[in-house]
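Text of query27.pdb, listed as PDB, C-alpha atoms:
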```
ATOM      1  CA  MET A   1       9.508 -39.898 -27.085
ATOM      2  CA  ARG A   2       7.912 -37.949 -24.255
ATOM      3  CA  ILE A   3       4.909 -36.694 -26.206
ATOM      4  CA  ARG A   4       4.416 -39.962 -28.025
ATOM      5  CA  THR A   5       4.344 -41.914 -24.776
ATOM      6  CA  ALA A   6       1.916 -39.464 -23.211
ATOM      7  CA  MET A   7      -0.393 -39.720 -26.224
ATOM      8  CA  GLU A   8      -0.211 -43.495 -26.214
ATOM      9  CA  ASN A   9      -1.117 -43.718 -22.537
ATOM     10  CA  LYS A  10      -3.986 -41.269 -22.840
ATOM     11  CA  LEU A  11      -5.481 -42.910 -25.915
ATOM     12  CA  LYS A  12      -5.262 -46.346 -24.304
ATOM     13  CA  ALA A  13      -7.024 -45.047 -21.206
ATOM     14  CA  ALA A  14      -9.727 -43.153 -23.109
ATOM     15  CA  LEU A  15     -10.494 -45.454 -26.041
ATOM     16  CA  ASN A  16      -9.127 -48.880 -25.150
ATOM     17  CA  PRO A  17      -8.001 -49.295 -28.762
ATOM     18  CA  GLU A  18      -7.720 -52.664 -30.409
ATOM     19  CA  ARG A  19      -4.944 -51.210 -32.539
ATOM     20  CA  LEU A  20      -2.995 -48.002 -32.085
ATOM     21  CA  GLU A  21      -0.260 -46.711 -34.346
ATOM     22  CA  ILE A  22       1.527 -43.472 -33.633
ATOM     23  CA  ILE A  23       3.761 -42.345 -36.447
ATOM     24  CA  ASP A  24       5.987 -39.340 -35.858
ATOM     25  CA  ASN A  25       6.150 -37.359 -39.097
ATOM     26  CA  SER A  26       7.873 -34.368 -37.554
ATOM     27  CA  ALA A  27      11.033 -34.812 -39.601
ATOM     28  CA  ARG A  28       9.027 -34.347 -42.788
ATOM     29  CA  HIS A  29       7.834 -30.999 -41.491
ATOM     30  CA  ALA A  30      11.122 -29.740 -40.028
ATOM     31  CA  GLY A  31      11.380 -25.993 -40.484
ATOM     32  CA  HIS A  32       7.656 -25.585 -41.142
ATOM     33  CA  ALA A  33       5.582 -23.306 -38.996
ATOM     34  CA  GLY A  34       4.731 -25.167 -35.817
ATOM     35  CA  ALA A  35       7.651 -27.581 -36.023
ATOM     36  CA  HIS A  36       9.872 -27.718 -32.959
ATOM     37  CA  PRO A  37      13.622 -28.272 -33.129
ATOM     38  CA  GLU A  38      13.193 -31.209 -30.768
ATOM     39  CA  GLY A  39      10.530 -32.792 -33.006
ATOM     40  CA  GLU A  40       7.343 -34.489 -31.842
ATOM     41  CA  SER A  41       5.132 -31.829 -33.445
ATOM     42  CA  HIS A  42       3.536 -33.707 -36.373
ATOM     43  CA  PHE A  43       1.993 -37.134 -35.900
ATOM     44  CA  LYS A  44      -0.178 -39.553 -37.763
ATOM     45  CA  LEU A  45      -2.430 -41.757 -35.675
ATOM     46  CA  ILE A  46      -4.297 -44.862 -36.647
ATOM     47  CA  VAL A  47      -6.792 -45.780 -33.966
ATOM     48  CA  VAL A  48      -9.038 -48.820 -34.131
ATOM     49  CA  SER A  49     -11.548 -48.837 -31.313
ATOM     50  CA  SER A  50     -15.061 -50.043 -30.637
ATOM     51  CA  ALA A  51     -15.624 -46.632 -29.017
ATOM     52  CA  PHE A  52     -16.108 -45.280 -32.560
ATOM     53  CA  GLU A  53     -19.068 -47.517 -33.342
ATOM     54  CA  GLY A  54     -22.159 -45.554 -34.329
ATOM     55  CA  LYS A  55     -20.217 -42.281 -34.305
ATOM     56  CA  SER A  56     -19.730 -39.802 -37.144
ATOM     57  CA  ARG A  57     -16.283 -38.900 -38.454
ATOM     58  CA  VAL A  58     -16.399 -35.618 -36.542
ATOM     59  CA  GLN A  59     -17.478 -37.332 -33.304
ATOM     60  CA  ARG A  60     -14.691 -39.908 -33.623
ATOM     61  CA  GLN A  61     -11.987 -37.318 -34.133
ATOM     62  CA  ARG A  62     -13.355 -35.239 -31.266
ATOM     63  CA  LEU A  63     -12.939 -38.272 -28.972
ATOM     64  CA  VAL A  64      -9.273 -38.417 -29.963
ATOM     65  CA  TYR A  65      -8.753 -34.666 -29.676
ATOM     66  CA  ASP A  66     -10.472 -34.600 -26.288
ATOM     67  CA  ALA A  67      -8.160 -37.322 -24.985
ATOM     68  CA  LEU A  68      -5.155 -35.395 -26.273
ATOM     69  CA  ALA A  69      -6.328 -31.880 -25.393
ATOM     70  CA  GLU A  70      -3.201 -31.090 -23.372
ATOM     71  CA  GLU A  71      -0.811 -32.236 -26.111
ATOM     72  CA  MET A  72      -2.789 -30.431 -28.826
ATOM     73  CA  ALA A  73      -2.761 -27.191 -26.842
ATOM     74  CA  ASN A  74       0.902 -27.286 -25.925
ATOM     75  CA  HIS A  75       3.047 -29.179 -28.315
ATOM     76  CA  VAL A  76       1.429 -31.035 -31.173
ATOM     77  CA  HIS A  77       0.934 -28.894 -34.244
ATOM     78  CA  ALA A  78      -0.668 -31.396 -36.594
ATOM     79  CA  LEU A  79      -2.373 -34.756 -36.230
ATOM     80  CA  GLU A  80      -3.433 -36.856 -39.155
ATOM     81  CA  LEU A  81      -6.145 -39.167 -37.927
ATOM     82  CA  GLN A  82      -7.557 -42.410 -39.138
ATOM     83  CA  THR A  83     -10.327 -43.538 -36.823
ATOM     84  CA  LEU A  84     -11.831 -46.948 -37.513
ATOM     85  CA  THR A  85     -14.107 -49.403 -35.791
ATOM     86  CA  PRO A  86     -12.833 -52.994 -35.518
ATOM     87  CA  ALA A  87     -15.302 -54.011 -38.257
ATOM     88  CA  GLU A  88     -14.044 -51.274 -40.616
ATOM     89  CA  ALA A  89     -10.427 -52.207 -39.968
ATOM     90  CA  ALA A  90     -10.987 -55.920 -40.533
TER      91      ALA A  90
ATOM     92  CA  MET B   1     -25.270 -12.585 -31.064
ATOM     93  CA  SER B   2     -22.884 -14.167 -28.611
ATOM     94  CA  ASP B   3     -20.928 -12.101 -26.121
ATOM     95  CA  ASN B   4     -17.761 -12.979 -27.985
ATOM     96  CA  PRO B   5     -17.069 -10.566 -30.877
ATOM     97  CA  VAL B   6     -14.802 -13.086 -32.620
ATOM     98  CA  PHE B   7     -17.523 -15.740 -32.530
ATOM     99  CA  ASP B   8     -19.895 -13.180 -34.070
ATOM    100  CA  ARG B   9     -17.448 -12.526 -36.897
ATOM    101  CA  ILE B  10     -17.074 -16.256 -37.536
ATOM    102  CA  GLN B  11     -20.832 -16.766 -37.397
ATOM    103  CA  ASN B  12     -21.315 -13.952 -39.923
ATOM    104  CA  GLU B  13     -18.889 -15.617 -42.325
ATOM    105  CA  ILE B  14     -20.566 -19.019 -42.164
ATOM    106  CA  ASP B  15     -24.033 -17.452 -42.341
ATOM    107  CA  GLY B  16     -23.093 -15.336 -45.336
ATOM    108  CA  ASN B  17     -21.309 -17.993 -47.410
ATOM    109  CA  ASP B  18     -22.565 -21.467 -48.298
ATOM    110  CA  VAL B  19     -19.112 -23.024 -48.264
ATOM    111  CA  VAL B  20     -16.401 -21.571 -46.034
ATOM    112  CA  LEU B  21     -12.918 -22.930 -45.512
ATOM    113  CA  PHE B  22     -10.860 -21.631 -42.607
ATOM    114  CA  MET B  23      -7.348 -22.285 -43.824
ATOM    115  CA  LYS B  24      -3.706 -21.290 -43.743
ATOM    116  CA  GLY B  25      -2.901 -19.153 -46.750
ATOM    117  CA  ASN B  26      -5.453 -18.426 -49.456
ATOM    118  CA  PRO B  27      -7.009 -20.746 -52.034
ATOM    119  CA  MET B  28      -4.473 -19.653 -54.671
ATOM    120  CA  PHE B  29      -1.509 -20.065 -52.351
ATOM    121  CA  PRO B  30      -2.200 -22.420 -49.449
ATOM    122  CA  GLN B  31       0.544 -22.205 -46.831
ATOM    123  CA  CYS B  32       0.049 -25.671 -45.407
ATOM    124  CA  GLY B  33      -0.278 -29.107 -46.981
ATOM    125  CA  PHE B  34      -3.436 -29.953 -45.055
ATOM    126  CA  SER B  35      -5.159 -26.757 -46.185
ATOM    127  CA  ALA B  36      -3.940 -27.390 -49.735
ATOM    128  CA  ALA B  37      -5.503 -30.862 -49.704
ATOM    129  CA  VAL B  38      -8.942 -29.478 -48.857
ATOM    130  CA  VAL B  39      -8.616 -26.708 -51.458
ATOM    131  CA  GLY B  40      -7.685 -29.453 -53.921
ATOM    132  CA  ALA B  41     -10.797 -31.501 -53.154
ATOM    133  CA  LEU B  42     -13.098 -28.490 -53.466
ATOM    134  CA  SER B  43     -11.401 -27.251 -56.631
ATOM    135  CA  ASN B  44     -11.560 -30.736 -58.113
ATOM    136  CA  MET B  45     -15.337 -30.591 -57.701
ATOM    137  CA  LYS B  46     -15.452 -26.975 -58.892
ATOM    138  CA  VAL B  47     -17.244 -25.898 -55.737
ATOM    139  CA  LYS B  48     -17.313 -22.162 -55.070
ATOM    140  CA  PHE B  49     -16.069 -21.442 -51.574
ATOM    141  CA  LYS B  50     -14.778 -18.621 -49.452
ATOM    142  CA  GLY B  51     -11.309 -19.180 -48.060
ATOM    143  CA  ILE B  52     -10.479 -17.358 -44.861
ATOM    144  CA  ASP B  53      -6.757 -17.089 -44.191
ATOM    145  CA  VAL B  54      -6.301 -17.503 -40.446
ATOM    146  CA  LEU B  55      -2.641 -16.548 -40.738
ATOM    147  CA  GLN B  56      -3.813 -13.012 -41.482
ATOM    148  CA  ASP B  57      -5.958 -12.828 -38.370
ATOM    149  CA  MET B  58      -4.789 -14.169 -35.008
ATOM    150  CA  GLU B  59      -8.225 -13.619 -33.448
ATOM    151  CA  ILE B  60      -9.892 -15.844 -36.002
ATOM    152  CA  ARG B  61      -7.037 -18.348 -35.855
ATOM    153  CA  GLU B  62      -7.574 -18.974 -32.156
ATOM    154  CA  GLY B  63     -11.292 -18.175 -32.193
ATOM    155  CA  ILE B  64     -12.223 -20.780 -34.782
ATOM    156  CA  LYS B  65     -10.708 -23.561 -32.666
ATOM    157  CA  ALA B  66     -12.931 -22.670 -29.730
ATOM    158  CA  PHE B  67     -15.933 -21.913 -31.933
ATOM    159  CA  SER B  68     -15.857 -25.355 -33.542
ATOM    160  CA  ASN B  69     -14.416 -27.209 -30.545
ATOM    161  CA  TRP B  70     -11.782 -28.483 -32.980
ATOM    162  CA  PRO B  71      -8.082 -27.914 -32.333
ATOM    163  CA  THR B  72      -6.708 -27.889 -35.876
ATOM    164  CA  ILE B  73      -6.966 -25.973 -39.141
ATOM    165  CA  PRO B  74      -8.255 -26.321 -41.902
ATOM    166  CA  GLN B  75     -11.947 -26.431 -41.015
ATOM    167  CA  LEU B  76     -14.742 -26.709 -43.542
ATOM    168  CA  TYR B  77     -18.248 -25.363 -43.047
ATOM    169  CA  VAL B  78     -21.118 -26.034 -45.468
ATOM    170  CA  LYS B  79     -24.397 -24.158 -44.998
ATOM    171  CA  GLY B  80     -23.452 -23.380 -41.424
ATOM    172  CA  GLU B  81     -22.602 -26.977 -40.546
ATOM    173  CA  PHE B  82     -19.127 -28.015 -39.428
ATOM    174  CA  ILE B  83     -17.996 -30.808 -41.753
ATOM    175  CA  GLY B  84     -14.493 -31.463 -40.487
ATOM    176  CA  GLY B  85     -10.821 -31.006 -41.161
ATOM    177  CA  CYS B  86      -8.422 -32.346 -43.735
ATOM    178  CA  ASP B  87      -8.657 -36.084 -42.956
ATOM    179  CA  ILE B  88     -12.442 -36.038 -42.946
ATOM    180  CA  VAL B  89     -12.736 -34.057 -46.169
ATOM    181  CA  ARG B  90     -10.221 -36.345 -47.882
ATOM    182  CA  GLU B  91     -12.038 -39.479 -46.705
ATOM    183  CA  MET B  92     -15.414 -38.078 -47.730
ATOM    184  CA  HIS B  93     -14.073 -37.068 -51.129
ATOM    185  CA  ALA B  94     -12.595 -40.515 -51.724
ATOM    186  CA  ALA B  95     -15.805 -42.230 -50.592
ATOM    187  CA  GLY B  96     -18.100 -40.046 -52.728
ATOM    188  CA  GLU B  97     -19.700 -38.671 -49.563
ATOM    189  CA  LEU B  98     -18.702 -35.111 -50.396
ATOM    190  CA  GLN B  99     -20.779 -35.279 -53.558
ATOM    191  CA  LYS B 100     -23.740 -36.502 -51.539
ATOM    192  CA  LEU B 101     -23.258 -33.716 -49.014
ATOM    193  CA  PHE B 102     -23.205 -30.988 -51.677
ATOM    194  CA  THR B 103     -26.212 -32.528 -53.406
ATOM    195  CA  ASP B 104     -28.161 -32.690 -50.149
ATOM    196  CA  LYS B 105     -27.231 -29.113 -49.271
ATOM    197  CA  GLY B 106     -28.002 -27.777 -52.737
ATOM    198  CA  ILE B 107     -24.434 -26.653 -53.448
ATOM    199  CA  PRO B 108     -23.532 -26.685 -57.161
ATOM    200  CA  PHE B 109     -20.549 -28.853 -58.084
ATOM    201  CA  GLU B 110     -19.228 -30.767 -61.046
ATOM    202  CA  ALA B 111     -18.529 -34.462 -60.765
ATOM    203  CA  ALA B 112     -14.852 -35.103 -61.454
TER     204      ALA B 112
END
```
How would this structure read if it were set down as structure tokens?
Amino acid sequence: MRIRTAMENKLKAALNPERLEIIDNSARHAGHAGAHPEGESHFKLIVVSSAFEGKSRVQRQRLVYDALAEEMANHVHALELQTLTPAEAA
Amino acid sequence: MSDNPVFDRIQNEIDGNDVVLFMKGNPMFPQCGFSAAVVGALSNMKVKFKGIDVLQDMEIREGIKAFSNWPTIPQLYVKGEFIGGCDIVREMHAAGELQKLFTDKGIPFEAA
């Protein structure tokens, strides 16, 4: 849970999300390149935040990646991202 | 020319090819589900693209992340513009935005 908790805290601080789901898909990728025996390598995130308003898909994902730069560089191999504004998620 | 030889190689690829996909494996045999999904979207639209297998080239594999300021692979470039990774391409494909992009950029494709 270490990585998941770190990601949750960082995303909350950076994007103040209205809704945040962090789904650990590492088990589905066990044995793949980039998977770690201890897991926490493949995640799916659903982030609903007003910080995404007026931003392109690339800009939105960059906001997430920037917040998680340390995790992306050191541990997380793959992130599936869904980045929505509150209006889009409604 | 930048002072980074890897960036120059990447720039040459995206200057020399209208549609470039930096991916794991090659278009016939993608080595990663996320790369395969983008290949699938492009193939579905019968878009000609150049696949660059980053697994064959560690310099490109690390270089493309810094070049694009994007930490994951695959990465799609169209006419020199960074379009995004797997999630973005999938969303754009589902929303019909990929068709609009290729139309706007003058890239031939067939509507599925």
Notebook entry, point to check: Which chain B residues are at most 12 Å from chain A (counting all atoms listed in the file), as a ChimeraX atom specification?
Noted result: /B:24,31-35,55,62,65-66,68-76,81-92,97
Check: Taking (-5.4, -20.1, -52.3) in the file's coordinates as the center, which residues reach within 12 Å of it, counting all atoms listed in the file, put as a ChimeraX atom specification?
Finding: /B:21-33,35-40,42-43,49-53
Checklist line | Selection: 9 Å around segment 12-14 of chain A, all atoms listed in the file, excl. self and same-chain fewer than 4 positions, as a list in words | finding: Met7, Glu8, Leu20, Leu63, Val64 and Ala67 of chain A
Margin query: If we count all atoms listed in the file and set the cut-off at 12 Å, which residues sit around Glu59 of chain B, ignoring sequence neighbours fewer than 3 positions away in its own chain? Please answer as a ChimeraX atom specification.
Written below: /B:4-10,53-56,62-67
Notebook entry, point to check: Please, what distance in Å, to one decimal, runs between atom CA of Asn12 of chain B and atom CA of Gly80 of chain B?
Noted result: 9.8 Å
Note to self: Please compute the atom CA of Val47 of chain A-atom CA of Val78 of chain B distance, one decimal, in Å.
What the structure shows: 27.0 Å
Notebook entry, point to check: Hey, can you check how far atom CA of Ser41 of chain A sits from atom CA of Asn16 of chain A?
Noted result: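 We find that atom CA of Ser41 of chain A and atom CA of Asn16 of chain A lie 23.7 Å from each other.
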Checklist line | Nearest candidate to Ser26 of chain A (options A:Ala90, A:Arg60, A:His75, A:Lys55; using all atoms listed in the file) | finding: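 Result for the nearest residue to Ser26 of chain A: A:His75.
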Using the block above, I'd like segment 46-73 of chain A written out, keeping N, CA, C and O atoms and formatting it as a compact mmCIF listing (two decimals), in the first residue's frame.
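Output saved as part-v2.txt:
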```txt
# COMPACT_ATOMS: atom_id res chain seq x y z
N ILE A 46 -8.64 7.08 -11.74
CA ILE A 46 -9.72 7.93 -12.22
C ILE A 46 -9.69 9.18 -11.35
O ILE A 46 -9.80 9.10 -10.12
N VAL A 47 -9.46 10.30 -12.00
CA VAL A 47 -9.32 11.56 -11.28
C VAL A 47 -10.34 12.55 -11.81
O VAL A 47 -10.37 12.83 -13.01
N VAL A 48 -11.18 13.04 -10.93
CA VAL A 48 -12.15 14.07 -11.30
C VAL A 48 -11.75 15.33 -10.55
O VAL A 48 -11.73 15.35 -9.32
N SER A 49 -11.39 16.35 -11.31
CA SER A 49 -10.89 17.57 -10.66
C SER A 49 -11.21 18.79 -11.52
O SER A 49 -11.14 18.74 -12.75
N SER A 50 -11.53 19.89 -10.84
CA SER A 50 -11.78 21.13 -11.59
C SER A 50 -10.47 21.69 -12.15
O SER A 50 -10.49 22.57 -13.00
N ALA A 51 -9.33 21.15 -11.69
CA ALA A 51 -8.04 21.59 -12.23
C ALA A 51 -7.92 21.25 -13.71
O ALA A 51 -7.07 21.81 -14.41
N PHE A 52 -8.74 20.33 -14.21
CA PHE A 52 -8.65 19.91 -15.61
C PHE A 52 -9.47 20.80 -16.55
O PHE A 52 -9.40 20.64 -17.77
N GLU A 53 -10.25 21.71 -15.97
CA GLU A 53 -11.12 22.52 -16.82
C GLU A 53 -10.31 23.37 -17.80
O GLU A 53 -9.33 24.00 -17.42
N GLY A 54 -10.73 23.35 -19.05
CA GLY A 54 -10.06 24.14 -20.08
C GLY A 54 -8.73 23.57 -20.53
O GLY A 54 -8.00 24.21 -21.28
N LYS A 55 -8.41 22.35 -20.07
CA LYS A 55 -7.12 21.76 -20.43
C LYS A 55 -7.30 20.61 -21.43
O LYS A 55 -8.29 19.89 -21.39
N SER A 56 -6.32 20.46 -22.29
CA SER A 56 -6.35 19.35 -23.26
C SER A 56 -6.07 18.03 -22.55
O SER A 56 -5.65 18.00 -21.40
N ARG A 57 -6.31 16.94 -23.28
CA ARG A 57 -6.04 15.61 -22.70
C ARG A 57 -4.58 15.50 -22.27
O ARG A 57 -4.27 14.95 -21.21
N VAL A 58 -3.69 15.98 -23.15
CA VAL A 58 -2.25 15.89 -22.84
C VAL A 58 -1.93 16.72 -21.60
O VAL A 58 -1.22 16.27 -20.69
N GLN A 59 -2.47 17.94 -21.53
CA GLN A 59 -2.19 18.80 -20.37
C GLN A 59 -2.70 18.18 -19.08
O GLN A 59 -2.04 18.25 -18.04
N ARG A 60 -3.87 17.56 -19.14
CA ARG A 60 -4.45 16.93 -17.94
C ARG A 60 -3.56 15.80 -17.44
O ARG A 60 -3.27 15.69 -16.25
N GLN A 61 -3.13 14.95 -18.39
CA GLN A 61 -2.32 13.81 -17.95
C GLN A 61 -0.96 14.27 -17.45
O GLN A 61 -0.40 13.69 -16.53
N ARG A 62 -0.45 15.36 -18.06
CA ARG A 62 0.84 15.88 -17.58
C ARG A 62 0.72 16.36 -16.13
O ARG A 62 1.64 16.21 -15.34
N LEU A 63 -0.44 16.96 -15.77
CA LEU A 63 -0.64 17.40 -14.39
C LEU A 63 -0.53 16.20 -13.44
O LEU A 63 0.07 16.30 -12.36
N VAL A 64 -1.13 15.09 -13.85
CA VAL A 64 -1.07 13.88 -13.01
C VAL A 64 0.36 13.34 -12.96
O VAL A 64 0.89 13.04 -11.89
N TYR A 65 0.98 13.23 -14.13
CA TYR A 65 2.35 12.70 -14.17
C TYR A 65 3.31 13.58 -13.38
O TYR A 65 4.22 13.08 -12.71
N ASP A 66 3.12 14.90 -13.47
CA ASP A 66 4.00 15.81 -12.73
C ASP A 66 3.87 15.58 -11.23
O ASP A 66 4.85 15.56 -10.49
N ALA A 67 2.62 15.39 -10.77
CA ALA A 67 2.40 15.17 -9.34
C ALA A 67 3.04 13.86 -8.88
O ALA A 67 3.47 13.73 -7.74
N LEU A 68 3.10 12.90 -9.80
CA LEU A 68 3.58 11.57 -9.45
C LEU A 68 4.97 11.28 -10.03
O LEU A 68 5.33 10.11 -10.22
N ALA A 69 5.73 12.33 -10.31
CA ALA A 69 7.01 12.15 -11.01
C ALA A 69 7.91 11.15 -10.29
O ALA A 69 8.54 10.29 -10.92
N GLU A 70 7.96 11.24 -8.96
CA GLU A 70 8.85 10.37 -8.19
C GLU A 70 8.41 8.90 -8.34
O GLU A 70 9.24 8.01 -8.57
N GLU A 71 7.12 8.65 -8.23
CA GLU A 71 6.62 7.28 -8.33
C GLU A 71 6.82 6.74 -9.75
O GLU A 71 7.20 5.58 -9.94
N MET A 72 6.58 7.60 -10.75
CA MET A 72 6.74 7.15 -12.14
C MET A 72 8.19 6.79 -12.42
O MET A 72 8.49 5.87 -13.18
N ALA A 73 9.11 7.57 -11.84
CA ALA A 73 10.53 7.35 -12.13
C ALA A 73 11.05 6.11 -11.40
O ALA A 73 11.97 5.44 -11.89
```
